[in-house]
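Q: Below is the file upload_26.pdb, with PDB, C-alpha atoms and all ligand atoms.
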ATOM      1  CA  MET A 125      82.190 -57.746 103.561  1.00  0.00           C
ATOM      2  CA  THR A 126      80.203 -58.405 106.700  1.00  0.00           C
ATOM      3  CA  GLN A 127      81.425 -61.332 108.771  1.00  0.00           C
ATOM      4  CA  GLY A 128      79.858 -63.350 111.529  1.00  0.00           C
ATOM      5  CA  GLY A 129      76.338 -64.424 110.872  1.00  0.00           C
ATOM      6  CA  PRO A 130      73.517 -63.662 108.509  1.00  0.00           C
ATOM      7  CA  GLU A 131      72.858 -60.081 107.606  1.00  0.00           C
ATOM      8  CA  ARG A 132      69.830 -58.557 109.255  1.00  0.00           C
ATOM      9  CA  PRO A 133      67.369 -56.588 107.152  1.00  0.00           C
ATOM     10  CA  ARG A 134      68.212 -52.914 107.260  1.00  0.00           C
ATOM     11  CA  LYS A 135      66.062 -50.664 109.420  1.00  0.00           C
ATOM     12  CA  ARG A 136      63.851 -48.149 107.617  1.00  0.00           C
ATOM     13  CA  ILE A 137      63.933 -44.407 108.222  1.00  0.00           C
ATOM     14  CA  LEU A 138      61.365 -41.911 106.971  1.00  0.00           C
ATOM     15  CA  VAL A 139      62.817 -38.440 106.296  1.00  0.00           C
ATOM     16  CA  ILE A 140      60.118 -35.744 106.378  1.00  0.00           C
ATOM     17  CA  GLU A 141      61.739 -32.528 105.144  1.00  0.00           C
ATOM     18  CA  ASP A 142      60.627 -29.958 102.577  1.00  0.00           C
ATOM     19  CA  ASN A 143      64.098 -28.600 101.839  1.00  0.00           C
ATOM     20  CA  GLU A 144      65.726 -30.545  99.026  1.00  0.00           C
ATOM     21  CA  PHE A 145      69.277 -29.853 100.144  1.00  0.00           C
ATOM     22  CA  ASN A 146      68.641 -31.072 103.678  1.00  0.00           C
ATOM     23  CA  ARG A 147      66.643 -34.062 102.461  1.00  0.00           C
ATOM     24  CA  ASP A 148      69.474 -35.138 100.158  1.00  0.00           C
ATOM     25  CA  LEU A 149      72.086 -34.540 102.853  1.00  0.00           C
ATOM     26  CA  LEU A 150      70.250 -36.710 105.378  1.00  0.00           C
ATOM     27  CA  THR A 151      69.746 -39.395 102.752  1.00  0.00           C
ATOM     28  CA  GLN A 152      73.414 -39.394 101.730  1.00  0.00           C
ATOM     29  CA  ILE A 153      74.568 -39.698 105.335  1.00  0.00           C
ATOM     30  CA  LEU A 154      72.241 -42.591 106.133  1.00  0.00           C
ATOM     31  CA  GLU A 155      71.599 -44.596 102.967  1.00  0.00           C
ATOM     32  CA  ASP A 156      74.578 -46.933 103.374  1.00  0.00           C
ATOM     33  CA  SER A 157      73.235 -48.195 106.702  1.00  0.00           C
ATOM     34  CA  TYR A 158      69.482 -47.758 106.442  1.00  0.00           C
ATOM     35  CA  VAL A 159      66.658 -47.881 103.931  1.00  0.00           C
ATOM     36  CA  ILE A 160      65.606 -44.250 103.438  1.00  0.00           C
ATOM     37  CA  MET A 161      62.117 -43.106 102.501  1.00  0.00           C
ATOM     38  CA  GLN A 162      61.306 -39.455 101.855  1.00  0.00           C
ATOM     39  CA  ALA A 163      58.310 -37.173 102.263  1.00  0.00           C
ATOM     40  CA  LEU A 164      58.228 -33.541 101.147  1.00  0.00           C
ATOM     41  CA  ASP A 165      55.777 -32.101 103.668  1.00  0.00           C
ATOM     42  CA  GLY A 166      53.998 -33.030 106.879  1.00  0.00           C
ATOM     43  CA  SER A 167      50.871 -34.228 105.146  1.00  0.00           C
ATOM     44  CA  GLU A 168      52.765 -36.625 102.908  1.00  0.00           C
ATOM     45  CA  GLY A 169      54.901 -37.631 105.882  1.00  0.00           C
ATOM     46  CA  LEU A 170      51.861 -38.604 107.921  1.00  0.00           C
ATOM     47  CA  ALA A 171      50.480 -40.667 105.029  1.00  0.00           C
ATOM     48  CA  ARG A 172      53.792 -42.443 104.474  1.00  0.00           C
ATOM     49  CA  ALA A 173      54.190 -43.163 108.186  1.00  0.00           C
ATOM     50  CA  GLU A 174      50.747 -44.817 108.145  1.00  0.00           C
ATOM     51  CA  GLN A 175      51.510 -46.829 104.996  1.00  0.00           C
ATOM     52  CA  GLU A 176      55.122 -47.790 105.605  1.00  0.00           C
ATOM     53  CA  ARG A 177      55.461 -48.061 109.404  1.00  0.00           C
ATOM     54  CA  PRO A 178      59.121 -46.975 109.412  1.00  0.00           C
ATOM     55  CA  ASP A 179      61.444 -47.865 112.294  1.00  0.00           C
ATOM     56  CA  LEU A 180      62.303 -44.195 112.898  1.00  0.00           C
ATOM     57  CA  ILE A 181      61.261 -40.765 111.621  1.00  0.00           C
ATOM     58  CA  LEU A 182      63.390 -37.647 111.102  1.00  0.00           C
ATOM     59  CA  MET A 183      61.052 -34.662 111.252  1.00  0.00           C
ATOM     60  CA  ASP A 184      61.582 -31.123 109.992  1.00  0.00           C
ATOM     61  CA  PHE A 185      59.239 -28.527 111.491  1.00  0.00           C
ATOM     62  CA  GLY A 186      58.843 -25.655 109.048  1.00  0.00           C
ATOM     63  CA  MET A 187      56.980 -27.301 106.163  1.00  0.00           C
ATOM     64  CA  PRO A 188      54.073 -26.472 103.842  1.00  0.00           C
ATOM     65  CA  LYS A 189      50.621 -28.129 104.023  1.00  0.00           C
ATOM     66  CA  MET A 190      51.216 -29.557 107.494  1.00  0.00           C
ATOM     67  CA  ASP A 191      54.061 -28.511 109.772  1.00  0.00           C
ATOM     68  CA  GLY A 192      56.196 -30.927 111.746  1.00  0.00           C
ATOM     69  CA  TRP A 193      54.529 -30.235 115.072  1.00  0.00           C
ATOM     70  CA  GLU A 194      51.111 -31.179 113.688  1.00  0.00           C
ATOM     71  CA  ALA A 195      52.440 -34.229 111.837  1.00  0.00           C
ATOM     72  CA  THR A 196      54.167 -35.395 115.029  1.00  0.00           C
ATOM     73  CA  ARG A 197      51.019 -34.930 117.104  1.00  0.00           C
ATOM     74  CA  ARG A 198      48.964 -36.908 114.581  1.00  0.00           C
ATOM     75  CA  ILE A 199      51.471 -39.758 114.395  1.00  0.00           C
ATOM     76  CA  LYS A 200      51.764 -39.942 118.176  1.00  0.00           C
ATOM     77  CA  ALA A 201      47.954 -39.936 118.496  1.00  0.00           C
ATOM     78  CA  GLN A 202      47.778 -43.276 116.671  1.00  0.00           C
ATOM     79  CA  PRO A 203      48.215 -46.272 118.993  1.00  0.00           C
ATOM     80  CA  ASP A 204      49.842 -48.400 116.299  1.00  0.00           C
ATOM     81  CA  LEU A 205      52.326 -45.665 115.292  1.00  0.00           C
ATOM     82  CA  ARG A 206      53.212 -43.948 118.543  1.00  0.00           C
ATOM     83  CA  HIS A 207      56.061 -46.357 119.346  1.00  0.00           C
ATOM     84  CA  ILE A 208      58.024 -45.059 116.319  1.00  0.00           C
ATOM     85  CA  PRO A 209      60.798 -42.768 117.564  1.00  0.00           C
ATOM     86  CA  ILE A 210      60.637 -39.282 116.045  1.00  0.00           C
ATOM     87  CA  ILE A 211      63.760 -37.132 116.018  1.00  0.00           C
ATOM     88  CA  ALA A 212      63.043 -33.444 115.443  1.00  0.00           C
ATOM     89  CA  ILE A 213      65.515 -31.741 113.132  1.00  0.00           C
ATOM     90  CA  THR A 214      64.890 -28.044 113.191  1.00  0.00           C
ATOM     91  CA  SER A 215      66.530 -24.858 112.060  1.00  0.00           C
ATOM     92  CA  HIS A 216      64.464 -22.864 114.506  1.00  0.00           C
ATOM     93  CA  ALA A 217      67.388 -22.673 116.896  1.00  0.00           C
ATOM     94  CA  MET A 218      65.496 -20.658 119.420  1.00  0.00           C
ATOM     95  CA  VAL A 219      65.124 -20.896 123.158  1.00  0.00           C
ATOM     96  CA  GLY A 220      62.266 -23.234 123.949  1.00  0.00           C
ATOM     97  CA  ASP A 221      62.362 -24.974 120.604  1.00  0.00           C
ATOM     98  CA  GLU A 222      63.465 -28.318 121.993  1.00  0.00           C
ATOM     99  CA  GLN A 223      60.712 -28.043 124.596  1.00  0.00           C
ATOM    100  CA  LYS A 224      58.137 -27.373 121.861  1.00  0.00           C
ATOM    101  CA  ALA A 225      59.332 -30.391 119.909  1.00  0.00           C
ATOM    102  CA  ARG A 226      59.082 -32.623 122.959  1.00  0.00           C
ATOM    103  CA  GLU A 227      55.624 -31.306 123.809  1.00  0.00           C
ATOM    104  CA  ALA A 228      54.470 -32.233 120.311  1.00  0.00           C
ATOM    105  CA  GLY A 229      55.647 -35.770 121.058  1.00  0.00           C
ATOM    106  CA  CYS A 230      59.143 -35.911 119.600  1.00  0.00           C
ATOM    107  CA  ASP A 231      61.442 -38.392 121.309  1.00  0.00           C
ATOM    108  CA  ASP A 232      64.686 -36.622 120.497  1.00  0.00           C
ATOM    109  CA  TYR A 233      65.900 -33.340 119.063  1.00  0.00           C
ATOM    110  CA  MET A 234      68.670 -31.979 116.844  1.00  0.00           C
ATOM    111  CA  ALA A 235      69.299 -28.409 115.750  1.00  0.00           C
ATOM    112  CA  LYS A 236      70.530 -27.643 112.236  1.00  0.00           C
ATOM    113  CA  PRO A 237      73.127 -27.493 110.808  1.00  0.00           C
ATOM    114  CA  ILE A 238      73.233 -31.272 110.655  1.00  0.00           C
ATOM    115  CA  HIS A 239      76.379 -32.863 112.082  1.00  0.00           C
ATOM    116  CA  GLU A 240      76.911 -36.326 110.652  1.00  0.00           C
ATOM    117  CA  ASP A 241      78.442 -37.935 113.744  1.00  0.00           C
ATOM    118  CA  GLU A 242      75.777 -36.556 116.072  1.00  0.00           C
ATOM    119  CA  LEU A 243      72.996 -37.702 113.760  1.00  0.00           C
ATOM    120  CA  ILE A 244      74.328 -41.254 113.414  1.00  0.00           C
ATOM    121  CA  GLU A 245      74.931 -41.530 117.153  1.00  0.00           C
ATOM    122  CA  LYS A 246      71.377 -40.434 117.940  1.00  0.00           C
ATOM    123  CA  ILE A 247      69.827 -42.818 115.434  1.00  0.00           C
ATOM    124  CA  LYS A 248      71.923 -45.745 116.688  1.00  0.00           C
ATOM    125  CA  ARG A 249      70.756 -44.992 120.215  1.00  0.00           C
ATOM    126  CA  TRP A 250      67.155 -45.471 119.104  1.00  0.00           C
ATOM    127  CA  ILE A 251      67.245 -48.274 116.551  1.00  0.00           C
ATOM    128  CA  GLY A 252      70.812 -49.576 116.397  1.00  0.00           C
TER     129      GLY A 252
HETATM  130 MN    MN B 301      61.578 -26.855 106.359  1.00  0.00          MN
END
Would you kindly transcribe this structure into structure tokens?

A:
Amino acid sequence: MTQGGPERPRKRILVIEDNEFNRDLLTQILEDSYVIMQALDGSEGLARAEQERPDLILMDFGMPKMDGWEATRRIKAQPDLRHIPIIAITSHAMVGDEQKAREAGCDDYMAKPIHEDELIEKIKRWIG
């Protein structure tokens, strides 16, 4: 039971990830503390970001229809959405990948495999 004051509404996180296993893993890690919304590709992710205005976005990069770089660029091109922190979560663990994510407009970066403690720490840093 939470003590000391009224409970604040939970922050909302949009998970944009085409891989079901990763999507479920991220959701399981975060759903006790945050409201989780899901999108299965970059195109759907962009639409949901516009409709839902989440507090933070977790963005995969290799996705069908629209990849994560393009979805990030389009979100960050919108004045009323660009304040939303986007954390890149990518399996492309290659040299220069973090740089590419940041150039697309991502605010933070994590390489797969996903480590629960690192993920939670990063998200707390951005939205508490
Ligand atoms: Mn993917």

Q: Please identify the residues whose atoms come within 12 Å of ligand MN 301 (chain B), using all atoms listed in the file, and report them as a ChimeraX atom specification.

A: /A:139-147,163-166,182-193,212-216,236

Q: On this structure, the PyMOL selection byres (((chain A and resi 234) around 12) and not hetatm) would catch which residues? List them as number ranges by chain, sorted by chain and number.

A: A: 182-185, 210-217, 221-223, 225-226, 230-233, 235-247

Q: Near Asp156 (chain A), counting only C-alpha atoms, which residues have an atom at most 12 Å away, once you skip same-chain residues fewer than 2 positions from it, shown as a PyMOL selection string?

A: chain A and resi 134-137+150-154+158-160+244

Q: Padding 6 Å on each side, edges along x, y and z: where is the centre of the box around the listed atoms of region 193-209 of chain A, and how long are its edges in Å to one decimal? Output it as AutoDock Vina command-line options.

A:
--center_x 54.3 --center_y -39.3 --center_z 115.6 --size_x 25.0 --size_y 30.2 --size_z 19.5

Q: Hey, what comes out of the PyMOL selection byres (((chain A and resi 208) around 10) and not hetatm) on this file? Could you write it as an MDAnalysis selection string?

A: chainID A and resid 173 177:181 199:200 204:207 209:211 230:231 250:251

Q: Suppose you want the space between CA of Thr196 (chain A) and CA of Leu170 (chain A); what is it in Å?

A: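 Those two atoms sit 8.1 Å apart.
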
Q: Grab the CA of Asp148 (chain A) to CA of Arg172 (chain A) distance for me, in Å with one decimal place.

A: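 CA of Asp148 (chain A) sits 17.8 Å away from CA of Arg172 (chain A).
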
Q: Report, in Å with one decimal, the straight-line distance from CA of Lys224 (chain A) to CA of Glu176 (chain A).

A: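 About the pair CA of Lys224 (chain A) and CA of Glu176 (chain A): they are 26.3 Å apart.
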
Q: Since the input is missing atoms for region 174-185 of chain A, could you rebuild it with all heavy atoms and give the result as a PDB file, keeping the file's coordinate frame?

A:
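File produced: result.pdb:
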ATOM      1  N   GLU A 174      51.864 -43.879 108.012  1.00  0.00           N
ATOM      2  CA  GLU A 174      50.747 -44.817 108.145  1.00  0.00           C
ATOM      3  C   GLU A 174      50.914 -46.010 107.217  1.00  0.00           C
ATOM      4  O   GLU A 174      50.634 -47.147 107.594  1.00  0.00           O
ATOM      5  CB  GLU A 174      49.424 -44.090 107.861  1.00  0.00           C
ATOM      6  CG  GLU A 174      49.059 -43.080 108.931  1.00  0.00           C
ATOM      7  CD  GLU A 174      47.877 -42.178 108.544  1.00  0.00           C
ATOM      8  OE1 GLU A 174      47.500 -42.161 107.352  1.00  0.00           O
ATOM      9  OE2 GLU A 174      47.363 -41.496 109.431  1.00  0.00           O
ATOM     10  N   GLN A 175      51.382 -45.752 105.987  1.00  0.00           N
ATOM     11  CA  GLN A 175      51.510 -46.829 104.996  1.00  0.00           C
ATOM     12  C   GLN A 175      52.727 -47.709 105.255  1.00  0.00           C
ATOM     13  O   GLN A 175      52.667 -48.928 105.110  1.00  0.00           O
ATOM     14  CB  GLN A 175      51.639 -46.230 103.585  1.00  0.00           C
ATOM     15  CG  GLN A 175      50.372 -45.577 103.074  1.00  0.00           C
ATOM     16  CD  GLN A 175      50.669 -44.535 101.981  1.00  0.00           C
ATOM     17  OE1 GLN A 175      51.786 -44.412 101.502  1.00  0.00           O
ATOM     18  NE2 GLN A 175      49.653 -43.779 101.603  1.00  0.00           N
ATOM     19  N   GLU A 176      53.841 -47.076 105.607  1.00  0.00           N
ATOM     20  CA  GLU A 176      55.122 -47.790 105.605  1.00  0.00           C
ATOM     21  C   GLU A 176      55.566 -48.266 106.983  1.00  0.00           C
ATOM     22  O   GLU A 176      56.437 -49.129 107.084  1.00  0.00           O
ATOM     23  CB  GLU A 176      56.224 -46.884 105.020  1.00  0.00           C
ATOM     24  CG  GLU A 176      55.928 -46.336 103.630  1.00  0.00           C
ATOM     25  CD  GLU A 176      56.125 -47.385 102.552  1.00  0.00           C
ATOM     26  OE1 GLU A 176      56.644 -48.473 102.868  1.00  0.00           O
ATOM     27  OE2 GLU A 176      55.750 -47.119 101.393  1.00  0.00           O
ATOM     28  N   ARG A 177      55.039 -47.685 108.038  1.00  0.00           N
ATOM     29  CA  ARG A 177      55.461 -48.061 109.404  1.00  0.00           C
ATOM     30  C   ARG A 177      56.985 -48.109 109.525  1.00  0.00           C
ATOM     31  O   ARG A 177      57.559 -49.181 109.764  1.00  0.00           O
ATOM     32  CB  ARG A 177      54.895 -49.426 109.798  1.00  0.00           C
ATOM     33  CG  ARG A 177      53.440 -49.642 109.440  1.00  0.00           C
ATOM     34  CD  ARG A 177      52.591 -48.901 110.427  1.00  0.00           C
ATOM     35  NE  ARG A 177      51.190 -48.945 110.042  1.00  0.00           N
ATOM     36  CZ  ARG A 177      50.240 -49.501 110.782  1.00  0.00           C
ATOM     37  NH1 ARG A 177      50.527 -50.036 111.924  1.00  0.00           N
ATOM     38  NH2 ARG A 177      48.987 -49.456 110.384  1.00  0.00           N
ATOM     39  N   PRO A 178      57.658 -46.974 109.341  1.00  0.00           N
ATOM     40  CA  PRO A 178      59.121 -46.975 109.412  1.00  0.00           C
ATOM     41  C   PRO A 178      59.596 -47.280 110.837  1.00  0.00           C
ATOM     42  O   PRO A 178      58.811 -47.243 111.784  1.00  0.00           O
ATOM     43  CB  PRO A 178      59.493 -45.543 109.022  1.00  0.00           C
ATOM     44  CG  PRO A 178      58.303 -44.731 109.408  1.00  0.00           C
ATOM     45  CD  PRO A 178      57.113 -45.621 109.164  1.00  0.00           C
ATOM     46  N   ASP A 179      60.877 -47.592 110.972  1.00  0.00           N
ATOM     47  CA  ASP A 179      61.444 -47.865 112.294  1.00  0.00           C
ATOM     48  C   ASP A 179      61.766 -46.584 113.040  1.00  0.00           C
ATOM     49  O   ASP A 179      61.831 -46.577 114.270  1.00  0.00           O
ATOM     50  CB  ASP A 179      62.722 -48.694 112.145  1.00  0.00           C
ATOM     51  CG  ASP A 179      62.429 -50.068 111.568  1.00  0.00           C
ATOM     52  OD1 ASP A 179      61.739 -50.853 112.251  1.00  0.00           O
ATOM     53  OD2 ASP A 179      62.839 -50.340 110.421  1.00  0.00           O
ATOM     54  N   LEU A 180      61.972 -45.486 112.285  1.00  0.00           N
ATOM     55  CA  LEU A 180      62.303 -44.195 112.898  1.00  0.00           C
ATOM     56  C   LEU A 180      61.935 -43.082 111.924  1.00  0.00           C
ATOM     57  O   LEU A 180      61.929 -43.295 110.706  1.00  0.00           O
ATOM     58  CB  LEU A 180      63.807 -44.142 113.240  1.00  0.00           C
ATOM     59  CG  LEU A 180      64.357 -42.885 113.906  1.00  0.00           C
ATOM     60  CD1 LEU A 180      65.373 -43.261 115.006  1.00  0.00           C
ATOM     61  CD2 LEU A 180      65.035 -41.964 112.912  1.00  0.00           C
ATOM     62  N   ILE A 181      61.614 -41.912 112.459  1.00  0.00           N
ATOM     63  CA  ILE A 181      61.261 -40.765 111.621  1.00  0.00           C
ATOM     64  C   ILE A 181      62.157 -39.580 111.968  1.00  0.00           C
ATOM     65  O   ILE A 181      62.361 -39.270 113.148  1.00  0.00           O
ATOM     66  CB  ILE A 181      59.782 -40.369 111.827  1.00  0.00           C
ATOM     67  CG1 ILE A 181      58.849 -41.477 111.330  1.00  0.00           C
ATOM     68  CG2 ILE A 181      59.468 -39.043 111.115  1.00  0.00           C
ATOM     69  CD1 ILE A 181      57.381 -41.292 111.701  1.00  0.00           C
ATOM     70  N   LEU A 182      62.705 -38.935 110.934  1.00  0.00           N
ATOM     71  CA  LEU A 182      63.390 -37.647 111.102  1.00  0.00           C
ATOM     72  C   LEU A 182      62.419 -36.574 110.638  1.00  0.00           C
ATOM     73  O   LEU A 182      61.931 -36.607 109.509  1.00  0.00           O
ATOM     74  CB  LEU A 182      64.678 -37.610 110.265  1.00  0.00           C
ATOM     75  CG  LEU A 182      65.744 -38.647 110.628  1.00  0.00           C
ATOM     76  CD1 LEU A 182      66.939 -38.522 109.679  1.00  0.00           C
ATOM     77  CD2 LEU A 182      66.200 -38.490 112.067  1.00  0.00           C
ATOM     78  N   MET A 183      62.130 -35.610 111.499  1.00  0.00           N
ATOM     79  CA  MET A 183      61.052 -34.662 111.252  1.00  0.00           C
ATOM     80  C   MET A 183      61.547 -33.218 111.234  1.00  0.00           C
ATOM     81  O   MET A 183      62.041 -32.713 112.239  1.00  0.00           O
ATOM     82  CB  MET A 183      59.990 -34.824 112.361  1.00  0.00           C
ATOM     83  CG  MET A 183      58.778 -33.929 112.222  1.00  0.00           C
ATOM     84  SD  MET A 183      57.623 -34.486 110.948  1.00  0.00           S
ATOM     85  CE  MET A 183      56.806 -35.842 111.819  1.00  0.00           C
ATOM     86  N   ASP A 184      61.393 -32.573 110.084  1.00  0.00           N
ATOM     87  CA  ASP A 184      61.582 -31.123 109.992  1.00  0.00           C
ATOM     88  C   ASP A 184      60.335 -30.457 110.577  1.00  0.00           C
ATOM     89  O   ASP A 184      59.291 -31.098 110.722  1.00  0.00           O
ATOM     90  CB  ASP A 184      61.768 -30.741 108.515  1.00  0.00           C
ATOM     91  CG  ASP A 184      61.979 -29.257 108.305  1.00  0.00           C
ATOM     92  OD1 ASP A 184      62.604 -28.611 109.169  1.00  0.00           O
ATOM     93  OD2 ASP A 184      61.526 -28.738 107.258  1.00  0.00           O
ATOM     94  N   PHE A 185      60.410 -29.176 110.911  1.00  0.00           N
ATOM     95  CA  PHE A 185      59.239 -28.527 111.491  1.00  0.00           C
ATOM     96  C   PHE A 185      58.596 -27.506 110.574  1.00  0.00           C
ATOM     97  O   PHE A 185      57.392 -27.493 110.394  1.00  0.00           O
ATOM     98  CB  PHE A 185      59.578 -27.948 112.865  1.00  0.00           C
ATOM     99  CG  PHE A 185      59.459 -29.012 113.894  1.00  0.00           C
ATOM    100  CD1 PHE A 185      60.500 -29.883 114.111  1.00  0.00           C
ATOM    101  CD2 PHE A 185      58.288 -29.205 114.584  1.00  0.00           C
ATOM    102  CE1 PHE A 185      60.373 -30.923 115.004  1.00  0.00           C
ATOM    103  CE2 PHE A 185      58.142 -30.233 115.477  1.00  0.00           C
ATOM    104  CZ  PHE A 185      59.199 -31.097 115.697  1.00  0.00           C
TER     105      PHE A 185
END
